[in-house]
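Raw protein.cif, mmCIF, C-alpha atoms and all ligand atoms:
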```cif
data_work
loop_
_atom_site.label_atom_id
_atom_site.label_comp_id
_atom_site.auth_asym_id
_atom_site.auth_seq_id
_atom_site.Cartn_x
_atom_site.Cartn_y
_atom_site.Cartn_z
CA MET A 1 -92.11 4.67 -103.88
CA LEU A 2 -92.56 3.54 -100.27
CA LYS A 3 -89.68 3.12 -97.90
CA VAL A 4 -90.12 1.50 -94.51
CA THR A 5 -87.27 1.68 -92.04
CA ASN A 6 -87.00 -0.10 -88.73
CA LEU A 7 -90.75 -0.31 -88.16
CA THR A 8 -91.76 -1.57 -84.73
CA LYS A 9 -95.13 -2.42 -83.22
CA SER A 10 -96.11 -3.96 -79.91
CA TYR A 11 -99.42 -5.00 -78.43
CA GLY A 12 -98.81 -4.56 -74.70
CA SER A 13 -95.70 -6.57 -73.99
CA LEU A 14 -96.04 -8.59 -77.21
CA GLU A 15 -93.55 -7.32 -79.77
CA VAL A 16 -95.18 -8.07 -83.12
CA LEU A 17 -92.92 -6.13 -85.50
CA LYS A 18 -89.30 -6.10 -84.45
CA GLY A 19 -87.80 -3.43 -86.70
CA ILE A 20 -88.68 -4.31 -90.27
CA SER A 21 -87.27 -2.46 -93.28
CA PHE A 22 -88.08 -2.77 -96.96
CA GLU A 23 -88.73 -0.70 -100.05
CA ILE A 24 -91.54 -0.93 -102.58
CA LYS A 25 -90.61 0.19 -106.07
CA ARG A 26 -93.12 1.83 -108.39
CA GLY A 27 -94.83 -0.46 -110.89
CA LYS A 28 -93.77 -3.69 -109.21
CA VAL A 29 -95.73 -6.43 -107.53
CA TYR A 30 -94.20 -6.97 -104.15
CA GLY A 31 -94.82 -10.24 -102.31
CA PHE A 32 -94.94 -10.34 -98.52
CA LEU A 33 -94.60 -13.92 -97.49
CA GLY A 34 -94.93 -15.35 -94.02
CA GLN A 35 -96.57 -17.98 -91.89
CA ASN A 36 -99.62 -17.38 -89.69
CA GLY A 37 -98.94 -14.75 -87.06
CA ALA A 38 -95.71 -13.53 -88.70
CA GLY A 39 -96.94 -9.92 -88.77
CA LYS A 40 -98.23 -9.44 -92.34
CA THR A 41 -101.65 -7.97 -91.52
CA THR A 42 -100.18 -5.80 -88.78
CA THR A 43 -97.71 -4.32 -91.29
CA MET A 44 -100.48 -3.69 -93.82
CA ASN A 45 -102.78 -2.13 -91.25
CA ILE A 46 -99.99 0.26 -90.29
CA LEU A 47 -99.13 1.17 -93.88
CA THR A 48 -102.80 1.89 -94.67
CA GLY A 49 -103.23 4.05 -91.60
CA LEU A 50 -105.63 1.78 -89.71
CA ILE A 51 -103.40 1.30 -86.68
CA ASP A 52 -100.49 3.21 -85.17
CA PHE A 53 -96.91 2.07 -84.95
CA ASN A 54 -94.39 2.46 -82.15
CA GLY A 55 -91.18 3.31 -83.93
CA GLY A 56 -89.43 3.61 -87.27
CA ASP A 57 -90.05 5.62 -90.43
CA ILE A 58 -92.46 5.30 -93.33
CA VAL A 59 -91.71 7.55 -96.29
CA TYR A 60 -93.95 7.71 -99.36
CA GLU A 61 -92.22 9.56 -102.19
CA ASP A 62 -90.38 11.98 -99.88
CA LYS A 63 -93.46 12.51 -97.72
CA ASP A 64 -93.22 11.38 -94.12
CA PHE A 65 -96.16 9.23 -93.03
CA LYS A 66 -96.16 10.88 -89.63
CA ASN A 67 -96.77 14.35 -91.08
CA ASP A 68 -98.63 13.73 -94.34
CA LYS A 69 -100.64 10.60 -93.58
CA ARG A 70 -103.95 11.88 -95.01
CA GLN A 71 -102.39 13.00 -98.27
CA ILE A 72 -100.50 9.74 -98.67
CA LEU A 73 -103.56 7.60 -97.97
CA LYS A 74 -105.46 9.26 -100.82
CA LYS A 75 -103.14 7.40 -103.16
CA VAL A 76 -103.45 4.07 -101.40
CA GLY A 77 -106.02 1.28 -101.71
CA TYR A 78 -106.53 -1.64 -99.32
CA LEU A 79 -108.24 -4.98 -99.61
CA PRO A 80 -108.21 -6.38 -96.06
CA GLN A 81 -107.82 -10.07 -95.27
CA ASN A 82 -111.48 -10.47 -94.26
CA PRO A 83 -113.36 -7.59 -95.85
CA VAL A 84 -116.72 -6.85 -94.31
CA PHE A 85 -119.48 -5.11 -96.23
CA TYR A 86 -123.01 -4.08 -95.33
CA GLY A 87 -124.82 -7.18 -96.53
CA TYR A 88 -128.18 -5.41 -96.85
CA MET A 89 -126.79 -3.06 -99.53
CA THR A 90 -126.54 -3.99 -103.19
CA GLY A 91 -123.12 -3.84 -104.87
CA ASN A 92 -124.18 -0.63 -106.58
CA GLU A 93 -125.34 1.01 -103.38
CA TYR A 94 -122.22 0.06 -101.50
CA LEU A 95 -119.88 1.48 -104.13
CA ASN A 96 -121.95 4.66 -104.27
CA PHE A 97 -121.64 4.85 -100.50
CA ILE A 98 -117.84 4.45 -100.76
CA GLY A 99 -117.88 7.18 -103.40
CA THR A 100 -119.58 9.65 -101.07
CA LEU A 101 -116.66 9.17 -98.67
CA THR A 102 -114.21 10.32 -101.35
CA ASN A 103 -115.77 13.74 -102.06
CA MET A 104 -116.43 12.87 -105.71
CA SER A 105 -119.38 14.44 -107.52
CA LEU A 106 -122.48 12.27 -107.85
CA PRO A 107 -122.20 11.71 -111.63
CA ASP A 108 -118.52 10.75 -111.19
CA ILE A 109 -119.45 8.32 -108.41
CA LYS A 110 -122.04 6.64 -110.65
CA LYS A 111 -119.58 6.46 -113.53
CA ARG A 112 -116.82 4.99 -111.38
CA THR A 113 -119.25 2.48 -109.82
CA ASN A 114 -120.31 1.16 -113.23
CA GLU A 115 -116.73 1.11 -114.47
CA LEU A 116 -115.55 -0.91 -111.49
CA LEU A 117 -118.40 -3.41 -111.53
CA GLU A 118 -117.57 -4.03 -115.16
CA VAL A 119 -113.85 -4.47 -114.43
CA VAL A 120 -114.44 -7.07 -111.70
CA GLY A 121 -117.11 -8.88 -113.72
CA LEU A 122 -120.04 -8.02 -111.42
CA LYS A 123 -122.04 -5.76 -113.69
CA ASP A 124 -125.19 -7.86 -113.50
CA ALA A 125 -124.70 -8.65 -109.82
CA GLY A 126 -124.53 -4.92 -108.97
CA LYS A 127 -128.26 -4.90 -108.35
CA ARG A 128 -128.11 -7.82 -105.92
CA ARG A 129 -127.61 -7.61 -102.18
CA LEU A 130 -124.03 -8.24 -101.03
CA SER A 131 -125.21 -10.84 -98.50
CA GLY A 132 -126.07 -13.07 -101.47
CA TYR A 133 -122.60 -12.90 -103.09
CA SER A 134 -120.43 -16.03 -103.12
CA GLY A 135 -116.91 -15.99 -101.58
CA GLY A 136 -115.31 -15.37 -104.97
CA MET A 137 -117.79 -12.59 -105.80
CA LYS A 138 -117.15 -10.94 -102.43
CA GLN A 139 -113.42 -11.03 -103.06
CA ARG A 140 -113.84 -9.46 -106.51
CA PHE A 141 -116.18 -6.90 -105.03
CA GLY A 142 -113.54 -6.13 -102.41
CA PHE A 143 -111.19 -5.34 -105.27
CA ALA A 144 -113.70 -2.90 -106.71
CA VAL A 145 -113.97 -1.15 -103.33
CA SER A 146 -110.19 -0.97 -102.89
CA LEU A 147 -109.79 0.51 -106.40
CA PHE A 148 -112.46 3.19 -106.04
CA ASN A 149 -110.04 6.06 -105.45
CA LYS A 150 -107.74 4.95 -108.33
CA PRO A 151 -104.86 4.08 -106.01
CA GLU A 152 -101.24 4.20 -107.13
CA LEU A 153 -100.35 1.66 -104.48
CA LEU A 154 -102.66 -1.21 -103.65
CA PHE A 155 -102.38 -3.37 -100.54
CA LEU A 156 -103.87 -6.85 -100.82
CA ASP A 157 -103.91 -8.99 -97.70
CA GLU A 158 -104.09 -12.65 -98.75
CA PRO A 159 -106.53 -11.98 -101.57
CA THR A 160 -106.60 -15.58 -102.79
CA SER A 161 -106.55 -17.62 -99.56
CA ALA A 162 -110.28 -18.26 -99.40
CA LEU A 163 -110.77 -19.07 -103.08
CA ASP A 164 -110.89 -22.23 -105.17
CA PRO A 165 -108.23 -22.68 -107.90
CA GLU A 166 -110.35 -21.00 -110.55
CA GLY A 167 -111.14 -18.04 -108.32
CA ARG A 168 -107.46 -17.75 -107.45
CA MET A 169 -106.43 -17.66 -111.10
CA GLU A 170 -108.98 -14.92 -111.77
CA ILE A 171 -107.57 -12.79 -108.98
CA LEU A 172 -103.99 -13.39 -110.10
CA ASP A 173 -104.88 -12.38 -113.67
CA PHE A 174 -106.50 -9.33 -112.24
CA ILE A 175 -103.35 -8.43 -110.32
CA ASN A 176 -101.33 -8.79 -113.51
CA ASP A 177 -103.77 -6.47 -115.32
CA LEU A 178 -103.37 -3.88 -112.57
CA LYS A 179 -99.61 -4.13 -112.87
CA ASN A 180 -99.86 -3.55 -116.61
CA GLN A 181 -101.84 -0.41 -115.87
CA GLY A 182 -98.98 0.83 -113.71
CA VAL A 183 -100.49 0.13 -110.28
CA THR A 184 -97.95 -0.88 -107.66
CA VAL A 185 -99.10 -3.86 -105.61
CA PHE A 186 -98.11 -5.05 -102.16
CA LEU A 187 -99.46 -8.55 -101.72
CA SER A 188 -99.33 -10.67 -98.62
CA THR A 189 -99.79 -14.39 -98.89
CA HIS A 190 -98.61 -17.74 -97.71
CA ILE A 191 -99.33 -19.37 -101.07
CA LEU A 192 -96.01 -19.81 -102.82
CA ASN A 193 -97.59 -20.48 -106.16
CA ASP A 194 -99.20 -17.05 -106.17
CA ILE A 195 -95.87 -15.44 -105.47
CA GLU A 196 -94.33 -17.27 -108.43
CA ARG A 197 -97.14 -16.18 -110.71
CA VAL A 198 -97.30 -12.47 -110.08
CA CYS A 199 -94.49 -11.11 -107.90
CA ASP A 200 -91.33 -9.32 -108.97
CA GLU A 201 -89.86 -8.96 -105.50
CA VAL A 202 -90.34 -10.92 -102.32
CA SER A 203 -89.76 -10.38 -98.63
CA ILE A 204 -90.12 -13.20 -96.17
CA ILE A 205 -91.26 -12.19 -92.70
CA LYS A 206 -90.81 -14.46 -89.72
CA ASP A 207 -91.76 -13.63 -86.14
CA GLY A 208 -91.89 -9.91 -86.89
CA LYS A 209 -88.54 -9.78 -88.66
CA ILE A 210 -87.73 -9.78 -92.35
CA ILE A 211 -85.36 -12.66 -93.00
CA VAL A 212 -84.94 -12.24 -96.76
CA SER A 213 -85.69 -9.52 -99.31
CA ALA A 214 -84.87 -10.26 -102.91
CA GLY A 215 -86.04 -10.30 -106.49
CA LEU A 216 -87.97 -13.48 -107.28
CA GLU A 217 -85.28 -14.76 -109.64
CA GLU A 218 -82.53 -13.78 -107.25
CA LEU A 219 -84.29 -15.64 -104.45
CA LYS A 220 -84.59 -18.76 -106.54
CA ASN A 221 -81.01 -18.60 -107.76
CA ASN A 222 -79.43 -17.89 -104.40
CA TYR A 223 -81.41 -20.28 -102.30
CA ILE A 224 -82.12 -23.03 -104.72
CA GLN A 225 -80.86 -26.40 -103.64
CA PRO A 226 -80.38 -29.69 -105.48
CA ILE A 227 -82.64 -32.49 -104.32
CA TYR A 228 -82.40 -36.17 -105.24
CA ASP A 229 -85.75 -37.94 -105.26
CA LEU A 230 -85.21 -41.68 -104.82
CA GLU A 231 -87.76 -44.45 -104.82
CA PHE A 232 -86.98 -48.01 -103.77
CA GLU A 233 -88.82 -51.28 -104.09
CA ASN A 234 -89.17 -51.59 -100.31
CA ASP A 235 -89.23 -49.33 -97.28
CA CYS A 236 -85.98 -47.34 -97.27
CA THR A 237 -85.61 -46.34 -93.62
CA LYS A 238 -82.33 -48.25 -93.49
CA PHE A 239 -80.90 -46.34 -96.42
CA LYS A 240 -82.03 -43.09 -94.84
CA ASN A 241 -80.11 -43.98 -91.70
CA ILE A 242 -76.97 -44.55 -93.75
CA LEU A 243 -77.24 -41.01 -95.17
CA THR A 244 -78.02 -39.31 -91.86
CA ASN A 245 -75.14 -37.12 -90.68
CA LEU A 246 -73.13 -37.29 -93.90
CA ASN A 247 -71.49 -33.93 -94.48
CA TRP A 248 -72.97 -33.39 -97.98
CA VAL A 249 -76.54 -34.04 -96.84
CA GLU A 250 -78.57 -31.18 -95.43
CA ASP A 251 -81.94 -32.81 -94.95
CA LEU A 252 -83.73 -36.10 -95.58
CA GLN A 253 -87.41 -36.64 -96.12
CA LEU A 254 -88.66 -40.19 -95.88
CA ASN A 255 -92.04 -41.43 -97.03
CA LYS A 256 -92.02 -45.26 -96.94
CA ASN A 257 -90.29 -46.28 -100.18
CA LYS A 258 -89.48 -42.72 -101.16
CA LEU A 259 -86.60 -40.63 -99.96
CA SER A 260 -85.77 -37.02 -100.86
CA VAL A 261 -82.18 -36.07 -100.23
CA HIS A 262 -81.59 -32.33 -99.88
CA VAL A 263 -78.00 -31.74 -100.81
CA LYS A 264 -75.50 -29.33 -99.32
CA ASN A 265 -72.59 -30.10 -101.62
CA ILE A 266 -73.58 -31.32 -105.06
CA SER A 267 -70.13 -32.39 -106.29
CA LEU A 268 -69.61 -34.62 -103.25
CA ALA A 269 -73.19 -35.89 -103.49
CA ARG A 270 -72.76 -36.91 -107.12
CA SER A 271 -70.01 -39.39 -106.41
CA GLU A 272 -70.91 -40.45 -102.87
CA LEU A 273 -74.61 -41.13 -103.39
CA LEU A 274 -73.97 -43.39 -106.37
CA LYS A 275 -71.35 -45.39 -104.43
CA LEU A 276 -73.84 -46.00 -101.63
CA LEU A 277 -76.64 -46.95 -104.01
CA VAL A 278 -74.50 -49.53 -105.79
CA VAL A 279 -74.05 -51.55 -102.60
CA GLU A 280 -77.65 -51.06 -101.39
CA SER A 281 -79.66 -54.30 -101.40
CA ASN A 282 -83.07 -52.57 -101.65
CA PRO A 283 -83.62 -52.22 -105.43
CA LEU A 284 -83.75 -48.63 -106.72
CA MET A 285 -86.75 -47.84 -108.93
CA VAL A 286 -86.49 -44.07 -109.44
CA PHE A 287 -83.49 -41.75 -109.35
CA ASN A 288 -84.13 -38.11 -110.13
CA LEU A 289 -82.17 -34.92 -109.53
CA ARG A 290 -84.19 -31.72 -109.40
CA LYS A 291 -84.00 -28.18 -108.08
CA SER A 292 -85.87 -27.19 -104.93
CA THR A 293 -89.20 -25.46 -105.49
CA LEU A 294 -89.97 -22.04 -104.06
CA GLU A 295 -92.02 -23.81 -101.41
CA GLU A 296 -89.03 -25.84 -100.29
CA ILE A 297 -86.84 -22.73 -100.28
CA PHE A 298 -89.40 -20.96 -98.12
CA LEU A 299 -89.74 -23.82 -95.65
CA ARG A 300 -85.99 -24.15 -95.41
CA LEU A 301 -85.54 -20.45 -94.71
CA VAL A 302 -88.37 -20.25 -92.21
CA ASN A 303 -87.74 -23.46 -90.32
CA LYS A 304 -83.98 -23.51 -90.12
CA ASP A 305 -81.54 -20.93 -88.95
CA VAL A 306 -79.97 -20.62 -92.37
CA LEU A 307 -77.39 -17.86 -92.42
CA ILE A 308 -78.25 -15.14 -94.90
N1 LIG B 1 -105.14 -6.42 -81.90
C1 LIG B 1 -104.22 -7.28 -81.48
N2 LIG B 1 -103.96 -7.43 -80.16
C2 LIG B 1 -103.02 -8.28 -79.71
N3 LIG B 1 -102.24 -9.05 -80.51
C3 LIG B 1 -102.44 -8.94 -81.84
C4 LIG B 1 -103.44 -8.06 -82.39
N4 LIG B 1 -103.40 -8.18 -83.73
C5 LIG B 1 -102.45 -9.08 -84.01
N5 LIG B 1 -101.86 -9.55 -82.88
C6 LIG B 1 -100.76 -10.54 -82.80
O1 LIG B 1 -99.72 -10.07 -83.64
C7 LIG B 1 -99.08 -11.17 -84.30
C8 LIG B 1 -99.08 -10.92 -85.79
O2 LIG B 1 -100.41 -10.94 -86.26
P1 LIG B 1 -100.78 -10.64 -87.78
O3 LIG B 1 -102.25 -10.65 -87.87
O4 LIG B 1 -100.06 -9.43 -88.23
O5 LIG B 1 -100.16 -11.92 -88.51
P2 LIG B 1 -100.30 -12.40 -90.03
O6 LIG B 1 -98.91 -12.58 -90.54
O7 LIG B 1 -101.19 -11.49 -90.76
O8 LIG B 1 -100.96 -13.85 -89.87
P3 LIG B 1 -102.07 -14.62 -90.75
O9 LIG B 1 -101.34 -15.30 -91.85
O10 LIG B 1 -102.66 -15.59 -89.79
O11 LIG B 1 -103.07 -13.61 -91.24
C9 LIG B 1 -99.83 -12.42 -83.85
O12 LIG B 1 -99.09 -13.00 -82.81
C10 LIG B 1 -101.15 -11.87 -83.34
O13 LIG B 1 -101.67 -12.70 -82.35
MG MG B 2 -102.98 -11.77 -91.70
#
```
I need this file expressed as structure tokens, please.
Ligand SMILES: Nc1ncnc2c1ncn2[C@@H]1O[C@H](COP(=O)(O)OP(=O)(O)OP(=O)(O)O)[C@@H](O)[C@H]1O
Ligand SMILES: [Mg+2]
Amino acid sequence: MLKVTNLTKSYGSLEVLKGISFEIKRGKVYGFLGQNGAGKTTTMNILTGLIDFNGGDIVYEDKDFKNDKRQILKKVGYLPQNPVFYGYMTGNEYLNFIGTLTNMSLPDIKKRTNELLEVVGLKDAGKRRLSGYSGGMKQRFGFAVSLFNKPELLFLDEPTSALDPEGRMEILDFINDLKNQGVTVFLSTHILNDIERVCDEVSIIKDGKIIVSAGLEELKNNYIQPIYDLEFENDCTKFKNILTNLNWVEDLQLNKNKLSVHVKNISLARSELLKLLVVESNPLMVFNLRKSTLEEIFLRLVNKDVLI
């Protein structure tokens, strides 16, 4: 649906996007994952026509963004990271105002406004001023605004970051509903849980470069790592030191009596770890083998120069 090739963007001498490439497939929810300052908002602002880019190609269903930008943007919706509305307007008035920007007829604008307020659960609040909306209401209202033109492709820049767990769940359910209606979604976030709940595909962006692009399952399967969680009766710094620099250990995380051993080679770890534990004087209370979570996979990929 949307193909981005070698996209670059600089602010003065600061190179923010260093040639990123990815493809968004129709009907999928695409997760764009990265730490603060990685370049997520910049990418979204470019793809929604708000800012220019320096190099590379953006193609939307055989149309080149450089030549057909206006036509392409008619099919695109955007919920920015920090949406700003005119607080003195009511929800109704604001949506009507958005409608007048889309060249719709007045009856159609009114119909769409009511429809959208219903969808985002703000029907009663439509008569209230936007300045009086809570954070969660503002976020849901932002959705209504971004959906006004019935977009085929919706960009959501960290739509859940500012919300409490309940508000987040609401938004995630909403994204799933949109997907079921055939809307393609491009979602940036740094919340791994959200990615696991709604995304089909994921790209991880780091310092303006994409370091991994994969299906969610593929990402988990390829980058998953066995981790032993151990808990001792006493502080286990000494045991940690014994494991440091062993060739089957990739990483060690110590928290007083608890030690997580991230394993590079599971068959070696199985026999070697047990041998070491047998002769350890600090009594072992918990011994548990588990798979790394998506969060641990992400941190490992972002913080280490893992070869991909
Ligand atoms: N208008 C601007 N002028 C100069 N530098 C900018 C501008 N906008 C963004 N940057 C820089 O570009 C880099 C990427 O910023 P961007 O907002 O795209 O990151 P992000 O991944 O969205 O981060 P966050 O998770 O904090 O929202 C940062 O180093 C930022 O300081
Ligand atoms: Mg951002």
Practice item. Return as a list in words every polymer residue, whether protein, DNA or RNA, with at least one atom no more than 7 Å from an atom of ligand MG 2 (chain B); count all atoms listed in the file. Key: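 Protein and nucleic-acid residues within 7 Å of ligand MG 2 (chain B): Asn36, Gly37, Gly39, Lys40, Thr41, Gln81 and Asp157 of chain A.
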Point to revise | Contacts to ligand LIG 1 (chain B) at 10 Å cut-off (all atoms listed in the file) as a VMD selection string | key: chain A and resid 9 to 17 32 to 46 51 81 to 82 157 to 158 161 188 to 190 205 to 208
**Study point:** Spatial neighbours of A:Leu47, max dist 9 Å, all atoms listed in the file, sep filter under 6 positions, as a list in words
**Key:** Ile58, Phe65, Leu73 and Phe155 of chain A
Shell around A:Ser213 at 7 Å using all atoms listed in the file, local window under 6 positions removed, as a tab-separated table (two decimals) with C-alpha atoms, in the coordinates of the input:
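As a result, part.tsv now contains:
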```tsv
chain	number	residue	atom	x	y	z
A	202	VAL	CA	-90.34	-10.92	-102.32
A	203	SER	CA	-89.76	-10.38	-98.63
A	204	ILE	CA	-90.12	-13.20	-96.17
```
Exercise for review: One decimal, Å: what's the distance from atom CA of A:Val76 over to atom CA of A:Asn103, could you say?
Suggested key: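 According to the coordinates, atom CA of A:Val76 and atom CA of A:Asn103 are separated by 15.7 Å.
Near A:Leu178, within a cut-off of 12 Å and counting all atoms listed in the file, sit the residues Gly27, Lys28, Val29, Val119, Val120, Phe143, Ala144, Leu147, Lys150, Pro151, Glu152, Leu153, Leu154, Ile171, Leu172, Asp173, Phe174, Ile175, Asn176, Asn180, Gln181, Gly182, Val183, Thr184, Val185, Phe186 and Val198 of chain A, with same-chain residues fewer than 2 positions away left out.
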Mind writing the picked residues with C-alpha atoms as a tab-separated table (two decimals), keeping the file's coordinate frame?
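In the end it all went to out.tsv:
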```tsv
chain	number	residue	atom	x	y	z
A	27	GLY	CA	-94.83	-0.46	-110.89
A	28	LYS	CA	-93.77	-3.69	-109.21
A	29	VAL	CA	-95.73	-6.43	-107.53
A	119	VAL	CA	-113.85	-4.47	-114.43
A	120	VAL	CA	-114.44	-7.07	-111.70
A	143	PHE	CA	-111.19	-5.34	-105.27
A	144	ALA	CA	-113.70	-2.90	-106.71
A	147	LEU	CA	-109.79	0.51	-106.40
A	150	LYS	CA	-107.74	4.95	-108.33
A	151	PRO	CA	-104.86	4.08	-106.01
A	152	GLU	CA	-101.24	4.20	-107.13
A	153	LEU	CA	-100.35	1.66	-104.48
A	154	LEU	CA	-102.66	-1.21	-103.65
A	171	ILE	CA	-107.57	-12.79	-108.98
A	172	LEU	CA	-103.99	-13.39	-110.10
A	173	ASP	CA	-104.88	-12.38	-113.67
A	174	PHE	CA	-106.50	-9.33	-112.24
A	175	ILE	CA	-103.35	-8.43	-110.32
A	176	ASN	CA	-101.33	-8.79	-113.51
A	180	ASN	CA	-99.86	-3.55	-116.61
A	181	GLN	CA	-101.84	-0.41	-115.87
A	182	GLY	CA	-98.98	0.83	-113.71
A	183	VAL	CA	-100.49	0.13	-110.28
A	184	THR	CA	-97.95	-0.88	-107.66
A	185	VAL	CA	-99.10	-3.86	-105.61
A	186	PHE	CA	-98.11	-5.05	-102.16
A	198	VAL	CA	-97.30	-12.47	-110.08
```
Study note, to complete from the structure: One decimal place gives the atom CA of A:Asp124-atom CA of A:Pro165 separation as 23.2 Å
Please, could N, CA and C atoms be added to stretch 108-120 of chain A and the result written as a PDB file, in the frame of the given file?
```pdb
ATOM      1  N   ASP A 108    -119.808  11.464-111.159  1.00  0.00           N
ATOM      2  CA  ASP A 108    -118.520  10.750-111.190  1.00  0.00           C
ATOM      3  C   ASP A 108    -118.591   9.453-110.381  1.00  0.00           C
ATOM      4  N   ILE A 109    -119.307   9.517-109.252  1.00  0.00           N
ATOM      5  CA  ILE A 109    -119.450   8.320-108.410  1.00  0.00           C
ATOM      6  C   ILE A 109    -120.169   7.231-109.184  1.00  0.00           C
ATOM      7  N   LYS A 110    -121.246   7.629-109.878  1.00  0.00           N
ATOM      8  CA  LYS A 110    -122.040   6.640-110.650  1.00  0.00           C
ATOM      9  C   LYS A 110    -121.192   6.045-111.765  1.00  0.00           C
ATOM     10  N   LYS A 111    -120.418   6.899-112.415  1.00  0.00           N
ATOM     11  CA  LYS A 111    -119.580   6.460-113.530  1.00  0.00           C
ATOM     12  C   LYS A 111    -118.519   5.462-113.025  1.00  0.00           C
ATOM     13  N   ARG A 112    -117.885   5.841-111.931  1.00  0.00           N
ATOM     14  CA  ARG A 112    -116.820   4.990-111.380  1.00  0.00           C
ATOM     15  C   ARG A 112    -117.411   3.648-110.902  1.00  0.00           C
ATOM     16  N   THR A 113    -118.598   3.708-110.293  1.00  0.00           N
ATOM     17  CA  THR A 113    -119.250   2.480-109.820  1.00  0.00           C
ATOM     18  C   THR A 113    -119.477   1.512-110.983  1.00  0.00           C
ATOM     19  N   ASN A 114    -120.040   2.018-112.072  1.00  0.00           N
ATOM     20  CA  ASN A 114    -120.310   1.160-113.230  1.00  0.00           C
ATOM     21  C   ASN A 114    -119.030   0.592-113.825  1.00  0.00           C
ATOM     22  N   GLU A 115    -118.041   1.484-113.915  1.00  0.00           N
ATOM     23  CA  GLU A 115    -116.730   1.110-114.470  1.00  0.00           C
ATOM     24  C   GLU A 115    -116.136  -0.054-113.671  1.00  0.00           C
ATOM     25  N   LEU A 116    -116.193   0.095-112.351  1.00  0.00           N
ATOM     26  CA  LEU A 116    -115.550  -0.910-111.490  1.00  0.00           C
ATOM     27  C   LEU A 116    -116.298  -2.241-111.504  1.00  0.00           C
ATOM     28  N   LEU A 117    -117.628  -2.160-111.498  1.00  0.00           N
ATOM     29  CA  LEU A 117    -118.400  -3.410-111.530  1.00  0.00           C
ATOM     30  C   LEU A 117    -118.120  -4.171-112.817  1.00  0.00           C
ATOM     31  N   GLU A 118    -117.920  -3.425-113.869  1.00  0.00           N
ATOM     32  CA  GLU A 118    -117.570  -4.030-115.160  1.00  0.00           C
ATOM     33  C   GLU A 118    -116.188  -4.709-115.061  1.00  0.00           C
ATOM     34  N   VAL A 119    -115.226  -3.966-114.528  1.00  0.00           N
ATOM     35  CA  VAL A 119    -113.850  -4.470-114.430  1.00  0.00           C
ATOM     36  C   VAL A 119    -113.782  -5.780-113.645  1.00  0.00           C
ATOM     37  N   VAL A 120    -114.534  -5.857-112.527  1.00  0.00           N
ATOM     38  CA  VAL A 120    -114.440  -7.070-111.700  1.00  0.00           C
ATOM     39  C   VAL A 120    -115.501  -8.116-112.078  1.00  0.00           C
TER      40      VAL A 120
END
```
